[in-house]
Amino acid sequence: MVATRELEKLNLAFDLLNAGLRISFVNEETLIDKRTLRLWWKEKHGRPLSKGRRLNSIQGFIKSYEIAANLSAFISLHKHLYGSDFSIKMLYRIWKEYQLTCGDLDINIAYLSLRDIRRGTVCLSYCNCCKIDFVYDAANRYTSRCPFCKNPVIKN
Ligand SMILES: [Zn+2]
């Protein structure tokens, strides 16, 4: 017999795969073996997972103010609702909410954005004009200032 908690984990993993989250991320978060996940993926998507280039951070992904603004909004939504807490279940809930209210966002990018924040490879800054956190990286032209109002970061 499958315990309720185990059943919830299996359902969540299945939902995450349906949303397109990479097998390695689902495996990392649920500990369900990759072979099973690959079978589920193929069953759902009708083809094996493509072996294209895979990002391991959002740093190489932010190539416009629009992308920087979308990721900042997603991260801010998560921070507003859950603070610094993280679980894959929270990520899925926030991602679904974001899809409904703000538009499409690749779940892998959503996952990487929160992972980067947790690991400290990406940091947030606060815009006093927009009253919102945004992804900040001085080395990237699209994250060296607020992506919403384009005002430069004012260091205190
Ligand atoms: Zn701003």
# chains A, B, ... in the order shown; residues from 1 in each chain; ligands from 1
call {"tool": "closest_atom_pairs", "arguments": {"of": "segment 54-80 of chain A", "to": "segment 112-126 of chain A", "cutoff": "10 Å", "atoms": "only C-alpha atoms", "output": "JSON lines"}}
result
{"residue": "A:Leu55", "atom": "CA", "partner": "A:Leu112", "partner_atom": "CA", "distance": 8.4}
{"residue": "A:Asn56", "atom": "CA", "partner": "A:Leu112", "partner_atom": "CA", "distance": 7.0}
{"residue": "A:Ser57", "atom": "CA", "partner": "A:Leu112", "partner_atom": "CA", "distance": 5.7}
{"residue": "A:Ile58", "atom": "CA", "partner": "A:Ser113", "partner_atom": "CA", "distance": 5.9}
{"residue": "A:Gln59", "atom": "CA", "partner": "A:Val122", "partner_atom": "CA", "distance": 7.5}
{"residue": "A:Leu71", "atom": "CA", "partner": "A:Ser113", "partner_atom": "CA", "distance": 7.1}
{"residue": "A:Ser72", "atom": "CA", "partner": "A:Leu124", "partner_atom": "CA", "distance": 8.3}
{"residue": "A:Phe74", "atom": "CA", "partner": "A:Ser113", "partner_atom": "CA", "distance": 8.6}
{"residue": "A:Ile75", "atom": "CA", "partner": "A:Leu114", "partner_atom": "CA", "distance": 6.7}
{"residue": "A:Ser76", "atom": "CA", "partner": "A:Leu124", "partner_atom": "CA", "distance": 9.3}
{"residue": "A:His78", "atom": "CA", "partner": "A:Leu114", "partner_atom": "CA", "distance": 8.4}
{"residue": "A:Lys79", "atom": "CA", "partner": "A:Leu114", "partner_atom": "CA", "distance": 9.5}
call {"tool": "write_last_selection", "arguments": {"atoms": "all heavy atoms", "output": "tab-separated table (two decimals), in the first residue's frame"}}
result
chain	number	residue	atom	x	y	z
A	55	LEU	N	20.59	25.09	-19.52
A	55	LEU	CA	21.10	26.12	-18.61
A	55	LEU	C	21.23	25.55	-17.21
A	55	LEU	O	20.45	24.71	-16.79
A	55	LEU	CB	20.13	27.29	-18.58
A	55	LEU	CG	20.00	28.14	-19.83
A	55	LEU	CD1	18.87	29.14	-19.66
A	55	LEU	CD2	21.31	28.87	-20.10
A	56	ASN	N	22.22	26.04	-16.49
A	56	ASN	CA	22.36	25.66	-15.09
A	56	ASN	C	22.24	26.86	-14.17
A	56	ASN	O	22.42	26.75	-12.97
A	56	ASN	CB	23.69	24.95	-14.86
A	56	ASN	CG	23.63	23.55	-15.41
A	56	ASN	OD1	22.67	22.82	-15.15
A	56	ASN	ND2	24.62	23.18	-16.20
A	57	SER	N	21.95	28.01	-14.78
A	57	SER	CA	21.77	29.24	-14.02
A	57	SER	C	20.97	30.20	-14.90
A	57	SER	O	20.99	30.08	-16.13
A	57	SER	CB	23.12	29.86	-13.66
A	57	SER	OG	22.94	31.17	-13.18
A	58	ILE	N	20.31	31.16	-14.28
A	58	ILE	CA	19.57	32.14	-15.08
A	58	ILE	C	20.51	33.23	-15.61
A	58	ILE	O	20.11	34.01	-16.46
A	58	ILE	CB	18.42	32.80	-14.28
A	58	ILE	CG1	18.93	33.51	-13.03
A	58	ILE	CG2	17.33	31.78	-13.98
A	58	ILE	CD1	17.89	34.41	-12.37
A	59	GLN	N	21.73	33.27	-15.13
A	59	GLN	CA	22.65	34.33	-15.53
A	59	GLN	C	22.83	34.41	-17.05
A	59	GLN	O	22.90	35.49	-17.60
A	59	GLN	CB	23.99	34.18	-14.83
A	59	GLN	CG	23.89	34.55	-13.36
A	59	GLN	CD	25.15	34.23	-12.59
A	59	GLN	OE1	25.74	33.17	-12.79
A	59	GLN	NE2	25.54	35.12	-11.71
A	71	LEU	N	11.50	37.59	-14.58
A	71	LEU	CA	12.12	36.77	-13.53
A	71	LEU	C	12.07	37.48	-12.19
A	71	LEU	O	11.84	36.85	-11.15
A	71	LEU	CB	13.55	36.40	-13.90
A	71	LEU	CG	13.68	35.40	-15.05
A	71	LEU	CD1	15.13	35.13	-15.36
A	71	LEU	CD2	12.97	34.10	-14.71
A	72	SER	N	12.27	38.79	-12.20
A	72	SER	CA	12.20	39.55	-10.96
A	72	SER	C	10.79	39.47	-10.36
A	72	SER	O	10.63	39.32	-9.15
A	72	SER	CB	12.58	41.01	-11.21
A	72	SER	OG	13.93	41.10	-11.63
A	74	PHE	N	8.62	37.05	-10.83
A	74	PHE	CA	8.41	35.69	-10.33
A	74	PHE	C	9.08	35.49	-8.98
A	74	PHE	O	8.48	34.98	-8.02
A	74	PHE	CB	8.95	34.66	-11.34
A	74	PHE	CG	8.84	33.25	-10.84
A	74	PHE	CD1	7.62	32.60	-10.84
A	74	PHE	CD2	9.94	32.60	-10.33
A	74	PHE	CE1	7.50	31.31	-10.35
A	74	PHE	CE2	9.85	31.30	-9.84
A	74	PHE	CZ	8.62	30.66	-9.85
A	75	ILE	N	10.33	35.92	-8.88
A	75	ILE	CA	11.08	35.77	-7.62
A	75	ILE	C	10.42	36.59	-6.51
A	75	ILE	O	10.29	36.12	-5.38
A	75	ILE	CB	12.55	36.17	-7.83
A	75	ILE	CG1	13.23	35.17	-8.76
A	75	ILE	CG2	13.28	36.26	-6.50
A	75	ILE	CD1	14.58	35.64	-9.30
A	76	SER	N	9.97	37.79	-6.83
A	76	SER	CA	9.31	38.64	-5.84
A	76	SER	C	8.00	38.02	-5.35
A	76	SER	O	7.67	38.11	-4.17
A	76	SER	CB	9.03	40.03	-6.42
A	76	SER	OG	10.23	40.70	-6.62
A	78	HIS	N	7.34	34.84	-5.20
A	78	HIS	CA	7.72	33.76	-4.29
A	78	HIS	C	8.15	34.31	-2.94
A	78	HIS	O	7.72	33.84	-1.89
A	78	HIS	CB	8.86	32.91	-4.89
A	78	HIS	CG	9.25	31.78	-4.00
A	78	HIS	ND1	10.18	31.93	-2.99
A	78	HIS	CD2	8.84	30.50	-3.93
A	78	HIS	CE1	10.30	30.79	-2.35
A	78	HIS	NE2	9.51	29.91	-2.91
A	79	LYS	N	8.96	35.35	-2.97
A	79	LYS	CA	9.47	35.95	-1.72
A	79	LYS	C	8.31	36.52	-0.89
A	79	LYS	O	8.29	36.36	0.32
A	79	LYS	CB	10.49	37.04	-2.06
A	79	LYS	CG	11.17	37.64	-0.85
A	79	LYS	CD	12.20	38.67	-1.28
A	79	LYS	CE	12.75	39.39	-0.06
A	79	LYS	NZ	13.66	40.48	-0.43
call {"tool": "closest_atom_pairs", "arguments": {"of": "chain A", "to": "ligand 1", "cutoff": "12 Å", "atoms": "only C-alpha atoms and all ligand atoms", "output": "JSON lines"}}
result
{"residue": "A:Tyr65", "atom": "CA", "partner": "ligand 1", "partner_atom_place_in_ligand_line": "1 (Zn)", "distance": 11.5}
{"residue": "A:Ala68", "atom": "CA", "partner": "ligand 1", "partner_atom_place_in_ligand_line": "1 (Zn)", "distance": 11.8}
{"residue": "A:Ala69", "atom": "CA", "partner": "ligand 1", "partner_atom_place_in_ligand_line": "1 (Zn)", "distance": 9.7}
{"residue": "A:Ser72", "atom": "CA", "partner": "ligand 1", "partner_atom_place_in_ligand_line": "1 (Zn)", "distance": 10.9}
{"residue": "A:Ala73", "atom": "CA", "partner": "ligand 1", "partner_atom_place_in_ligand_line": "1 (Zn)", "distance": 11.7}
{"residue": "A:Ser125", "atom": "CA", "partner": "ligand 1", "partner_atom_place_in_ligand_line": "1 (Zn)", "distance": 10.1}
{"residue": "A:Tyr126", "atom": "CA", "partner": "ligand 1", "partner_atom_place_in_ligand_line": "1 (Zn)", "distance": 8.0}
{"residue": "A:Cys127", "atom": "CA", "partner": "ligand 1", "partner_atom_place_in_ligand_line": "1 (Zn)", "distance": 4.7}
{"residue": "A:Asn128", "atom": "CA", "partner": "ligand 1", "partner_atom_place_in_ligand_line": "1 (Zn)", "distance": 6.7}
{"residue": "A:Cys129", "atom": "CA", "partner": "ligand 1", "partner_atom_place_in_ligand_line": "1 (Zn)", "distance": 5.0}
{"residue": "A:Cys130", "atom": "CA", "partner": "ligand 1", "partner_atom_place_in_ligand_line": "1 (Zn)", "distance": 4.1}
{"residue": "A:Lys131", "atom": "CA", "partner": "ligand 1", "partner_atom_place_in_ligand_line": "1 (Zn)", "distance": 7.0}
{"residue": "A:Ile132", "atom": "CA", "partner": "ligand 1", "partner_atom_place_in_ligand_line": "1 (Zn)", "distance": 7.0}
{"residue": "A:Asp133", "atom": "CA", "partner": "ligand 1", "partner_atom_place_in_ligand_line": "1 (Zn)", "distance": 8.6}
{"residue": "A:Phe134", "atom": "CA", "partner": "ligand 1", "partner_atom_place_in_ligand_line": "1 (Zn)", "distance": 8.3}
{"residue": "A:Val135", "atom": "CA", "partner": "ligand 1", "partner_atom_place_in_ligand_line": "1 (Zn)", "distance": 11.3}
{"residue": "A:Tyr136", "atom": "CA", "partner": "ligand 1", "partner_atom_place_in_ligand_line": "1 (Zn)", "distance": 11.7}
{"residue": "A:Thr143", "atom": "CA", "partner": "ligand 1", "partner_atom_place_in_ligand_line": "1 (Zn)", "distance": 11.3}
{"residue": "A:Ser144", "atom": "CA", "partner": "ligand 1", "partner_atom_place_in_ligand_line": "1 (Zn)", "distance": 11.5}
{"residue": "A:Arg145", "atom": "CA", "partner": "ligand 1", "partner_atom_place_in_ligand_line": "1 (Zn)", "distance": 7.9}
{"residue": "A:Cys146", "atom": "CA", "partner": "ligand 1", "partner_atom_place_in_ligand_line": "1 (Zn)", "distance": 4.6}
{"residue": "A:Pro147", "atom": "CA", "partner": "ligand 1", "partner_atom_place_in_ligand_line": "1 (Zn)", "distance": 6.5}
{"residue": "A:Phe148", "atom": "CA", "partner": "ligand 1", "partner_atom_place_in_ligand_line": "1 (Zn)", "distance": 4.9}
{"residue": "A:Cys149", "atom": "CA", "partner": "ligand 1", "partner_atom_place_in_ligand_line": "1 (Zn)", "distance": 4.1}
{"residue": "A:Lys150", "atom": "CA", "partner": "ligand 1", "partner_atom_place_in_ligand_line": "1 (Zn)", "distance": 6.1}
{"residue": "A:Asn151", "atom": "CA", "partner": "ligand 1", "partner_atom_place_in_ligand_line": "1 (Zn)", "distance": 5.8}
{"residue": "A:Pro152", "atom": "CA", "partner": "ligand 1", "partner_atom_place_in_ligand_line": "1 (Zn)", "distance": 8.4}
{"residue": "A:Val153", "atom": "CA", "partner": "ligand 1", "partner_atom_place_in_ligand_line": "1 (Zn)", "distance": 8.9}
{"residue": "A:Ile154", "atom": "CA", "partner": "ligand 1", "partner_atom_place_in_ligand_line": "1 (Zn)", "distance": 11.0}
call {"tool": "atom_distance", "arguments": {"atom1": "atom CA of Leu21 of chain A", "atom2": "atom CA of Arg38 of chain A"}}
result
11.7 Å
call {"tool": "select_by_dssp", "arguments": {"residues": "segment 33-143 of chain A", "states": "helix (DSSP H, G or I)", "output": "JSON, numbers by chain"}}
result
{"A": [34, 35, 36, 37, 38, 39, 40, 41, 42, 43, 44, 45, 65, 66, 67, 68, 69, 70, 71, 72, 73, 74, 75, 76, 77, 78, 79, 80, 81, 82, 88, 89, 90, 91, 92, 93, 94, 95, 96, 97, 98, 99, 100, 101, 107, 108, 109, 110, 111, 112, 113, 114, 115, 116, 117, 118, 119]}
call {"tool": "residues_around", "arguments": {"residues": "segment 87-92 of chain A", "least_positions_apart": "5", "cutoff": "10 Å", "atoms": "only C-alpha atoms", "output": "ChimeraX atom specification"}}
result
/A:8-9,12-13,15-16,19,21,25-26,28-30,78,81-82,97-98,107,110-111,114
call {"tool": "write_last_selection", "arguments": {"atoms": "N, CA, C and O atoms", "output": "CSV table (one decimal), in the first residue's frame"}}
result
chain,number,residue,atom,x,y,z
A,8,GLU,N,1.3,11.7,-2.8
A,8,GLU,CA,1.4,13.1,-3.1
A,8,GLU,C,2.7,13.5,-3.8
A,8,GLU,O,2.7,14.2,-4.8
A,9,LYS,N,3.8,12.8,-3.4
A,9,LYS,CA,5.1,13.0,-4.1
A,9,LYS,C,5.0,12.5,-5.5
A,9,LYS,O,5.5,13.2,-6.4
A,12,LEU,N,2.9,15.0,-7.5
A,12,LEU,CA,3.6,16.2,-7.8
A,12,LEU,C,4.7,16.0,-8.9
A,12,LEU,O,4.8,16.8,-9.8
A,13,ALA,N,5.4,14.9,-8.8
A,13,ALA,CA,6.5,14.6,-9.8
A,13,ALA,C,5.8,14.5,-11.2
A,13,ALA,O,6.3,15.0,-12.2
A,15,ASP,N,3.0,15.9,-12.1
A,15,ASP,CA,2.6,17.3,-12.5
A,15,ASP,C,3.8,18.1,-13.0
A,15,ASP,O,3.7,18.9,-14.0
A,16,LEU,N,4.9,18.0,-12.3
A,16,LEU,CA,6.1,18.7,-12.7
A,16,LEU,C,6.6,18.3,-14.1
A,16,LEU,O,7.0,19.2,-14.9
A,19,ALA,N,4.4,19.7,-16.7
A,19,ALA,CA,4.7,21.2,-16.9
A,19,ALA,C,6.0,21.4,-17.6
A,19,ALA,O,6.3,22.5,-18.1
A,21,LEU,N,9.2,20.4,-16.4
A,21,LEU,CA,10.4,20.5,-15.6
A,21,LEU,C,11.4,19.3,-16.0
A,21,LEU,O,10.9,18.2,-16.1
A,25,PHE,N,16.0,17.8,-12.5
A,25,PHE,CA,15.4,18.6,-11.4
A,25,PHE,C,14.4,17.9,-10.6
A,25,PHE,O,14.3,18.0,-9.4
A,26,VAL,N,13.5,17.2,-11.3
A,26,VAL,CA,12.4,16.4,-10.6
A,26,VAL,C,13.1,15.3,-9.8
A,26,VAL,O,12.7,15.2,-8.6
A,28,GLU,N,16.1,15.4,-8.5
A,28,GLU,CA,16.8,16.1,-7.4
A,28,GLU,C,15.9,16.4,-6.3
A,28,GLU,O,16.2,16.3,-5.1
A,29,GLU,N,14.6,16.8,-6.6
A,29,GLU,CA,13.7,17.3,-5.6
A,29,GLU,C,12.8,16.2,-5.0
A,29,GLU,O,12.4,16.3,-3.9
A,30,THR,N,12.5,15.2,-5.8
A,30,THR,CA,11.6,14.1,-5.3
A,30,THR,C,12.3,12.8,-5.0
A,30,THR,O,11.7,11.9,-4.4
A,78,HIS,N,7.3,34.8,-5.2
A,78,HIS,CA,7.7,33.8,-4.3
A,78,HIS,C,8.1,34.3,-2.9
A,78,HIS,O,7.7,33.8,-1.9
A,81,LEU,N,5.2,35.5,-0.8
A,81,LEU,CA,4.3,34.5,-0.3
A,81,LEU,C,5.0,33.5,0.7
A,81,LEU,O,4.5,33.0,1.6
A,82,TYR,N,6.3,33.2,0.4
A,82,TYR,CA,7.0,32.2,1.2
A,82,TYR,C,8.3,32.7,1.8
A,82,TYR,O,9.0,31.9,2.5
A,97,GLU,N,0.5,30.0,-10.5
A,97,GLU,CA,-0.1,31.3,-10.2
A,97,GLU,C,0.5,32.4,-11.2
A,97,GLU,O,-0.3,33.2,-11.7
A,98,TYR,N,1.8,32.3,-11.4
A,98,TYR,CA,2.4,33.2,-12.3
A,98,TYR,C,1.9,33.1,-13.7
A,98,TYR,O,1.6,34.0,-14.4
A,107,ILE,N,9.1,26.6,-16.8
A,107,ILE,CA,9.2,26.1,-15.4
A,107,ILE,C,10.7,25.8,-15.0
A,107,ILE,O,11.1,26.0,-13.9
A,110,ALA,N,12.0,29.1,-14.0
A,110,ALA,CA,11.5,29.5,-12.7
A,110,ALA,C,12.2,28.7,-11.6
A,110,ALA,O,12.7,29.3,-10.6
A,111,TYR,N,12.5,27.4,-11.9
A,111,TYR,CA,13.2,26.6,-10.9
A,111,TYR,C,14.6,27.1,-10.7
A,111,TYR,O,15.1,27.3,-9.6
A,114,LEU,N,14.9,30.4,-8.6
A,114,LEU,CA,14.8,30.3,-7.1
A,114,LEU,C,16.1,29.5,-6.6
A,114,LEU,O,16.6,29.8,-5.5
call {"tool": "select_by_dssp", "arguments": {"residues": "chain A", "states": "strand (DSSP E or B)", "output": "list of chain:residue names"}}
result
A:Cys123, A:Leu124, A:Ser125, A:Tyr126, A:Cys127, A:Ile132, A:Asp133, A:Phe134, A:Val135, A:Tyr136, A:Arg145, A:Pro152
call {"tool": "atom_distance", "arguments": {"atom1": "atom CA of Thr36 of chain A", "atom2": "atom CA of Trp95 of chain A"}}
result
23.9 Å
